[in-house]
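Trainee: This is the structure I have questions about; it appears just below.
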Amino acid sequence: MQKLAPDFRQALDVAFDRAISHLEHLDESSVAATADAATLRAQIDKPLTKAGMPPQQVIDELVRDVESGLLGSAGGRFFGWVIGGALPAAVAADWLASAWQQNAALYACAPAAAVVEETVGTWLKDILGLPLRASFALVTGCQMAHVTCLAAARHALLSRHGWDVESQGLYGAPPIRILSSSERHGSFERAVRLLGFGQAHIRLLPVDDHCRLLPDALEEELSKAAGAPILVLLQAGDINIGAYDSFETLIPIAKRHGAWVHVDGAFGLWAAASPRLRYLVKGIEAADSWATDGHKWLNVPFDSGFAFVTDPESHQASLSLRASYLTHAADARDQMDWNPEWSRRARAFPTYAALRQLGRDGIADLIERCCRHAHAIVTGIGELPGAEALWKPVINQGLVRFLDQKAGATEEDHDRHTDEVIAAILKTGEAFFGGTTWRGRRSMRVSVCNWQTSDQDVERVVKAVANVLQ
Ligand SMILES: *Cc1c(COP(=O)(O)O)cnc(C)c1O
């Protein structure tokens, strides 16, 4: 046995101890940061010394200096944005991924990581109800999953027009028309910008009162774009109310016009893993590509996202690369053929661990439990005097609004009051919610994605909001 540098054990011991202590004290800790930026800077921004220091001291001081700037997002009272928790097996596997220091670029430089990744890809397609022939990539998040999928789409759409985009770029290429709904996520637009499609080519179409893209509007725009390469983005779970486009209706329409259909299912795609919620994604398997996250609803540590593409040839053509110093596997999957990164973290390990810890039933239970809690929080808060439920969750996303009680209060007064209440809740440290503007009105988002959220947490946060409102 090789003698381990004592520094290693001591540093990891301190990290282990502090990590456990953080997790053990989440219940008593403020879910909001307790220090402001100036305080954090005063603690963190020290002169970088000429001489280094012992690793365990680095870790000890790191924890001491950053603690007051940590959010309680690992725990059950955090409902801001769409942020998942992290499952025990997934955190542990993530630590091992760091200790093992595998470069998961190619099978040759990390054989086990490559095979774990193959397995994870197959399991995910199965759980999410996607075609087994689809190719996949494990990326940093849904943002890069969009980039990966749209790079494949760009290849496929333009090669049908006789254009080799990998060689010629977009100079002189036929413009790609992009159709989506007003509810699309900003990460899609960033992907469109990065890939050179140009944001101005996105046309946002109207939605119905459940925020679902209107089929007639899509049909009409597709007809107008006849002959052009067309990309359609559909939404599986939008950021405000978790709205699902009607895949069953929309995908066949888009396909009839030769469009590539991409689905943003950052968290919403996980409804497919629940027998009770699967109806929401009916017909979704007919799309061309799908982007989702591991670090949201699956509760894998950051950063973890998944891209799936039905057309492996286009996927590979857009990303694959050969170099004489690389060793390409003949009988295994080289991640570099499918991923935008070169060197990369062995991020399949934590996902593999999360899926095995939960099993199929555990995944379905996690998804359904979060939906139940989200519904209970929105309903509970909505019944409080001065509050109103704007959207009761169908999945794990809901909205509430706080009404200014003064006589003759206007919508602007309610908007301001809603933001004030959100800030006041944050200040209690009892719960973390964010705000949004939905249909022109300020509201508080309730987003439940953490395996740790319990019935007691739900009760506690509703009580905390009641106290703030009094
Ligand atoms: C979070 C989110 C994204 C972006 O995902 P990242 O993991 O942050 O890159 C895209 N779409 C929707 C609907 C999201 O909620």
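Chains: A, B, ... in order of the structure tokens. Residues: from 1 per chain. Ligands: from 1, in order shown.
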Within 7 Å of ligand 1 (counting only C-alpha atoms and all ligand atoms), which residues show up? I'd like them as a CSV table (one decimal) with N, CA, C and O atoms, in the first residue's frame.

Mentor:
chain,number,residue,atom,x,y,z
A,82,VAL,N,-35.2,27.1,-9.3
A,82,VAL,CA,-35.4,25.7,-9.3
A,82,VAL,C,-34.1,25.0,-9.0
A,82,VAL,O,-33.3,24.7,-9.8
A,140,THR,N,-23.0,20.1,-18.2
A,140,THR,CA,-23.0,20.8,-16.9
A,140,THR,C,-24.4,21.2,-16.5
A,140,THR,O,-24.6,21.5,-15.3
A,141,GLY,N,-25.3,21.3,-17.4
A,141,GLY,CA,-26.7,21.7,-17.0
A,141,GLY,C,-27.6,21.8,-18.2
A,141,GLY,O,-27.1,21.5,-19.3
A,142,CYS,N,-28.8,22.2,-18.0
A,142,CYS,CA,-29.7,22.2,-19.1
A,142,CYS,C,-29.3,23.3,-20.2
A,142,CYS,O,-29.5,23.1,-21.4
A,143,GLN,N,-28.6,24.3,-19.7
A,143,GLN,CA,-28.1,25.3,-20.6
A,143,GLN,C,-27.2,24.7,-21.7
A,143,GLN,O,-27.3,24.9,-22.9
A,144,MET,N,-26.2,23.9,-21.2
A,144,MET,CA,-25.3,23.3,-22.2
A,144,MET,C,-26.0,22.1,-22.9
A,144,MET,O,-25.5,21.7,-24.0
A,185,HIS,N,-37.6,29.5,-21.7
A,185,HIS,CA,-36.6,29.9,-20.7
A,185,HIS,C,-35.5,30.6,-21.4
A,185,HIS,O,-35.1,30.3,-22.6
A,187,SER,N,-32.4,30.4,-21.2
A,187,SER,CA,-31.2,29.6,-21.5
A,187,SER,C,-31.3,29.1,-23.0
A,187,SER,O,-30.3,28.9,-23.6
A,188,PHE,N,-32.5,29.0,-23.5
A,188,PHE,CA,-32.7,28.6,-24.9
A,188,PHE,C,-32.2,29.8,-25.8
A,188,PHE,O,-31.4,29.5,-26.7
A,237,GLY,N,-42.6,21.9,-18.7
A,237,GLY,CA,-42.4,22.5,-17.4
A,237,GLY,C,-41.8,23.9,-17.5
A,237,GLY,O,-40.6,24.0,-17.6
A,238,ASP,N,-42.6,24.9,-17.5
A,238,ASP,CA,-42.0,26.3,-17.6
A,238,ASP,C,-41.7,26.7,-16.1
A,238,ASP,O,-42.2,26.2,-15.2
A,239,ILE,N,-40.9,27.8,-16.1
A,239,ILE,CA,-40.3,28.2,-14.8
A,239,ILE,C,-41.3,28.8,-13.8
A,239,ILE,O,-41.1,28.7,-12.6
A,264,ASP,N,-37.4,21.7,-24.0
A,264,ASP,CA,-36.7,22.1,-22.7
A,264,ASP,C,-37.5,21.4,-21.6
A,264,ASP,O,-38.6,21.8,-21.3
A,265,GLY,N,-36.9,20.4,-21.0
A,265,GLY,CA,-37.5,19.7,-19.9
A,265,GLY,C,-36.6,19.8,-18.7
A,265,GLY,O,-36.4,18.8,-18.0
A,266,ALA,N,-36.0,20.9,-18.4
A,266,ALA,CA,-35.0,21.1,-17.4
A,266,ALA,C,-35.4,20.3,-16.1
A,266,ALA,O,-34.6,19.6,-15.5
A,267,PHE,N,-36.6,20.6,-15.6
A,267,PHE,CA,-37.1,19.8,-14.5
A,267,PHE,C,-38.3,19.0,-14.9
A,267,PHE,O,-38.5,17.9,-14.5
A,293,ASP,N,-32.1,18.3,-16.6
A,293,ASP,CA,-31.1,18.5,-15.6
A,293,ASP,C,-31.0,17.3,-14.6
A,293,ASP,O,-32.1,16.7,-14.3
A,295,HIS,N,-29.2,18.2,-11.7
A,295,HIS,CA,-29.1,18.9,-10.4
A,295,HIS,C,-30.3,19.6,-10.0
A,295,HIS,O,-30.3,20.3,-8.9
A,305,GLY,N,-26.3,18.1,-16.2
A,305,GLY,CA,-27.4,18.2,-17.1
A,305,GLY,C,-27.3,17.1,-18.1
A,305,GLY,O,-26.2,16.5,-18.3

Trainee: As an MDAnalysis selection string, which residues of region 396-449 of chain A does DSSP assign to alpha helix (DSSP H)?

Mentor: chainID A and resid 411:428

Trainee: As a ChimeraX atom specification, please: the residues near region 442-448 of chain A (cut-off 8 Å, only C-alpha atoms, same-chain neighbours under 6 positions excluded).

Mentor: /A:78-82,84,240,370-371,373-374,377-378,390,396-402,414-416,418-419,422,433-436

Trainee: What does the file look like for those residues with N, CA and C atoms, as a compact mmCIF listing (two decimals), in the first residue's frame?

Mentor:
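Ended up saving to result.txt:
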# COMPACT_ATOMS: atom_id res chain seq x y z
N PHE A 78 -35.82 25.40 1.28
CA PHE A 78 -35.34 26.26 0.20
C PHE A 78 -36.22 26.07 -1.03
N PHE A 79 -36.90 27.15 -1.45
CA PHE A 79 -37.84 27.05 -2.57
C PHE A 79 -37.56 28.11 -3.64
N GLY A 80 -36.34 28.62 -3.66
CA GLY A 80 -35.97 29.66 -4.62
C GLY A 80 -35.61 29.03 -5.96
N TRP A 81 -35.85 29.80 -7.04
CA TRP A 81 -35.52 29.36 -8.40
C TRP A 81 -35.97 27.91 -8.61
N VAL A 82 -35.15 27.11 -9.29
CA VAL A 82 -35.44 25.66 -9.35
C VAL A 82 -34.14 24.98 -8.97
N GLY A 84 -32.32 21.94 -6.82
CA GLY A 84 -32.51 20.65 -6.16
C GLY A 84 -31.60 20.49 -4.96
N ASN A 240 -42.45 29.30 -14.30
CA ASN A 240 -43.40 29.92 -13.37
C ASN A 240 -44.44 28.95 -12.82
N CYS A 370 -42.50 15.99 -4.04
CA CYS A 370 -42.24 17.42 -4.24
C CYS A 370 -43.50 18.13 -4.72
N CYS A 371 -44.25 17.47 -5.60
CA CYS A 371 -45.49 18.07 -6.12
C CYS A 371 -46.49 18.24 -4.98
N HIS A 373 -45.88 18.55 -1.77
CA HIS A 373 -45.43 19.62 -0.87
C HIS A 373 -45.67 21.00 -1.50
N ALA A 374 -45.38 21.12 -2.79
CA ALA A 374 -45.58 22.42 -3.45
C ALA A 374 -47.05 22.81 -3.38
N ILE A 377 -47.91 23.93 0.19
CA ILE A 377 -47.37 25.25 0.54
C ILE A 377 -48.20 26.36 -0.11
N VAL A 378 -48.46 26.20 -1.41
CA VAL A 378 -49.23 27.23 -2.11
C VAL A 378 -50.64 27.34 -1.53
N LEU A 390 -52.04 32.35 -6.80
CA LEU A 390 -52.24 32.70 -8.21
C LEU A 390 -52.24 31.45 -9.08
N ASN A 396 -44.52 20.83 -9.43
CA ASN A 396 -43.84 21.33 -8.22
C ASN A 396 -43.64 22.84 -8.23
N GLN A 397 -44.35 23.55 -9.11
CA GLN A 397 -44.19 25.00 -9.21
C GLN A 397 -45.53 25.69 -9.01
N GLY A 398 -45.55 26.69 -8.13
CA GLY A 398 -46.78 27.45 -7.93
C GLY A 398 -46.48 28.90 -7.63
N LEU A 399 -47.53 29.72 -7.59
CA LEU A 399 -47.35 31.16 -7.40
C LEU A 399 -48.34 31.69 -6.37
N VAL A 400 -47.85 32.57 -5.50
CA VAL A 400 -48.75 33.28 -4.59
C VAL A 400 -48.46 34.77 -4.67
N ARG A 401 -49.48 35.55 -4.29
CA ARG A 401 -49.34 37.00 -4.35
C ARG A 401 -49.82 37.54 -3.01
N PHE A 402 -49.20 38.64 -2.57
CA PHE A 402 -49.58 39.24 -1.29
C PHE A 402 -50.25 40.58 -1.54
N HIS A 414 -50.03 46.14 -4.69
CA HIS A 414 -49.91 44.69 -4.44
C HIS A 414 -48.55 44.18 -4.92
N ASP A 415 -48.09 44.69 -6.06
CA ASP A 415 -46.77 44.29 -6.58
C ASP A 415 -45.68 44.61 -5.56
N ARG A 416 -45.71 45.86 -5.08
CA ARG A 416 -44.69 46.30 -4.14
C ARG A 416 -44.79 45.50 -2.85
N THR A 418 -45.96 42.53 -2.43
CA THR A 418 -45.50 41.15 -2.65
C THR A 418 -43.98 41.06 -2.52
N ASP A 419 -43.29 42.00 -3.14
CA ASP A 419 -41.82 42.00 -3.03
C ASP A 419 -41.37 42.24 -1.60
N ILE A 422 -41.84 38.99 0.35
CA ILE A 422 -40.80 38.02 -0.01
C ILE A 422 -39.50 38.35 0.75
N PHE A 433 -37.83 31.95 -0.71
CA PHE A 433 -38.64 32.00 -1.92
C PHE A 433 -38.11 33.13 -2.80
N GLY A 434 -38.37 33.01 -4.09
CA GLY A 434 -38.00 34.08 -5.01
C GLY A 434 -39.26 34.72 -5.60
N GLY A 435 -39.06 35.82 -6.31
CA GLY A 435 -40.20 36.50 -6.94
C GLY A 435 -40.16 36.34 -8.44
N THR A 436 -41.26 36.68 -9.07
CA THR A 436 -41.33 36.68 -10.53
C THR A 436 -42.47 37.60 -10.96

Trainee: One decimal, Å: what's the distance from CA of Leu71 (chain A) over to CA of Ala33 (chain A), could you say?

Mentor: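 Atom-to-atom, CA of Leu71 (chain A) to CA of Ala33 (chain A), that is 5.3 Å.
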
Trainee: Between A:Ile44, A:Ala134, A:Ala114, A:Ala317, single out the one closest to Ala156 (chain A), counting only C-alpha atoms.

Mentor: A:Ala317
